[in-house]
Amino acid sequence: MNHFLLPFDSHAELRHWHADEFLSTAARYGSHAMEMLINELVHLGADRRNLQIKLFGGAQMLGKHSMIGKKNIEFILHYVEQESFAVQAQDLGGLSQEK
């Protein structure tokens with residue numbers, strides 16, 4: 001399971017981090033988190049063709065003007081299409097229930 005915060009990272013920021021910091025922070029970004037997850041599953045013996053993909057999240061979290069949820073949804077839908085993964089279930093978008 002991945003829980004990423006943003007779809008992509010800023011390479012300018014990543015150049016200043018050490019390798020161990022890079023690995024811990026890279027998972028915050030969908031582009032890295034998905035590659036890390038899929039690669040580790042394959043390394044452990046999983047067959048990409050048998051993976052069951054379920055997508056959840058992407059709510060609007062930081063007010064009406066935040067586009068983070070929308071960008072994460074756009075990223076993950078593009079990613080699964082590009083990688084030819086069949087999505088088994090999804091519940092994407094909506095508004096946060098913060099009080």
# chains A, B, ... in the order shown; residues from 1 in each chain; ligands from 1
>>> residues_around(residues="region 74-77 of chain A", least_positions_apart="6", cutoff="12 Å", atoms="only C-alpha atoms", output="ChimeraX atom specification")
/A:2-8,29-35,53-58,67-68,83-87,90-93
>>> select_by_dssp(residues="region 34-77 of chain A", states="helix (DSSP H, G or I)", output="list of chain:residue names")
A:Met34, A:Glu35, A:Met36, A:Leu37, A:Ile38, A:Asn39, A:Glu40, A:Leu41, A:Val42, A:His43, A:Arg48, A:Arg49, A:Asn50, A:Ile68, A:Gly69, A:Lys70, A:Lys71, A:Asn72, A:Ile73, A:Glu74, A:Phe75, A:Ile76, A:Leu77
>>> select_by_dssp(residues="region 29-78 of chain A", states="strand (DSSP E)", output="PDB file with all heavy atoms, in the first residue's frame")
ATOM      1  N   ILE A  53      -5.030  -3.791  -8.284  1.00  0.00           N
ATOM      2  CA  ILE A  53      -4.866  -2.378  -7.961  1.00  0.00           C
ATOM      3  C   ILE A  53      -6.194  -1.807  -7.467  1.00  0.00           C
ATOM      4  O   ILE A  53      -7.225  -1.935  -8.132  1.00  0.00           O
ATOM      5  CB  ILE A  53      -4.389  -1.591  -9.203  1.00  0.00           C
ATOM      6  CG1 ILE A  53      -3.146  -2.234  -9.832  1.00  0.00           C
ATOM      7  CG2 ILE A  53      -4.182  -0.122  -8.874  1.00  0.00           C
ATOM      8  CD1 ILE A  53      -1.925  -2.271  -8.944  1.00  0.00           C
ATOM      9  N   LYS A  54      -6.147  -1.176  -6.303  1.00  0.00           N
ATOM     10  CA  LYS A  54      -7.309  -0.492  -5.738  1.00  0.00           C
ATOM     11  C   LYS A  54      -6.859   0.918  -5.369  1.00  0.00           C
ATOM     12  O   LYS A  54      -5.828   1.094  -4.727  1.00  0.00           O
ATOM     13  CB  LYS A  54      -7.837  -1.239  -4.523  1.00  0.00           C
ATOM     14  CG  LYS A  54      -8.313  -2.642  -4.870  1.00  0.00           C
ATOM     15  CD  LYS A  54      -8.802  -3.404  -3.684  1.00  0.00           C
ATOM     16  CE  LYS A  54      -9.235  -4.801  -4.120  1.00  0.00           C
ATOM     17  NZ  LYS A  54      -9.735  -5.580  -2.995  1.00  0.00           N
ATOM     18  N   LEU A  55      -7.635   1.902  -5.776  1.00  0.00           N
ATOM     19  CA  LEU A  55      -7.255   3.302  -5.605  1.00  0.00           C
ATOM     20  C   LEU A  55      -8.237   4.006  -4.680  1.00  0.00           C
ATOM     21  O   LEU A  55      -9.450   3.945  -4.896  1.00  0.00           O
ATOM     22  CB  LEU A  55      -7.244   4.014  -6.960  1.00  0.00           C
ATOM     23  CG  LEU A  55      -6.403   3.377  -8.059  1.00  0.00           C
ATOM     24  CD1 LEU A  55      -6.616   4.118  -9.372  1.00  0.00           C
ATOM     25  CD2 LEU A  55      -4.940   3.348  -7.662  1.00  0.00           C
ATOM     26  N   PHE A  56      -7.706   4.700  -3.678  1.00  0.00           N
ATOM     27  CA  PHE A  56      -8.524   5.440  -2.728  1.00  0.00           C
ATOM     28  C   PHE A  56      -7.824   6.749  -2.399  1.00  0.00           C
ATOM     29  O   PHE A  56      -6.607   6.814  -2.366  1.00  0.00           O
ATOM     30  CB  PHE A  56      -8.723   4.633  -1.437  1.00  0.00           C
ATOM     31  CG  PHE A  56      -9.341   3.294  -1.674  1.00  0.00           C
ATOM     32  CD1 PHE A  56      -8.551   2.179  -1.839  1.00  0.00           C
ATOM     33  CD2 PHE A  56     -10.716   3.160  -1.769  1.00  0.00           C
ATOM     34  CE1 PHE A  56      -9.100   0.936  -2.083  1.00  0.00           C
ATOM     35  CE2 PHE A  56     -11.285   1.923  -2.014  1.00  0.00           C
ATOM     36  CZ  PHE A  56     -10.480   0.808  -2.166  1.00  0.00           C
ATOM     37  N   GLY A  57      -8.588   7.788  -2.135  1.00  0.00           N
ATOM     38  CA  GLY A  57      -8.006   9.050  -1.696  1.00  0.00           C
ATOM     39  C   GLY A  57      -8.200  10.166  -2.692  1.00  0.00           C
ATOM     40  O   GLY A  57      -9.112  10.140  -3.513  1.00  0.00           O
TER      41      GLY A  57
END
>>> closest_residue(among="A:Leu41, A:Met36, A:Leu95, A:Ala89", to="Gly69 (chain A)", atoms="only C-alpha atoms")
A:Leu95
>>> atom_distance(atom1="CA of Asn50 (chain A)", atom2="CA of Glu81 (chain A)")
15.4 Å
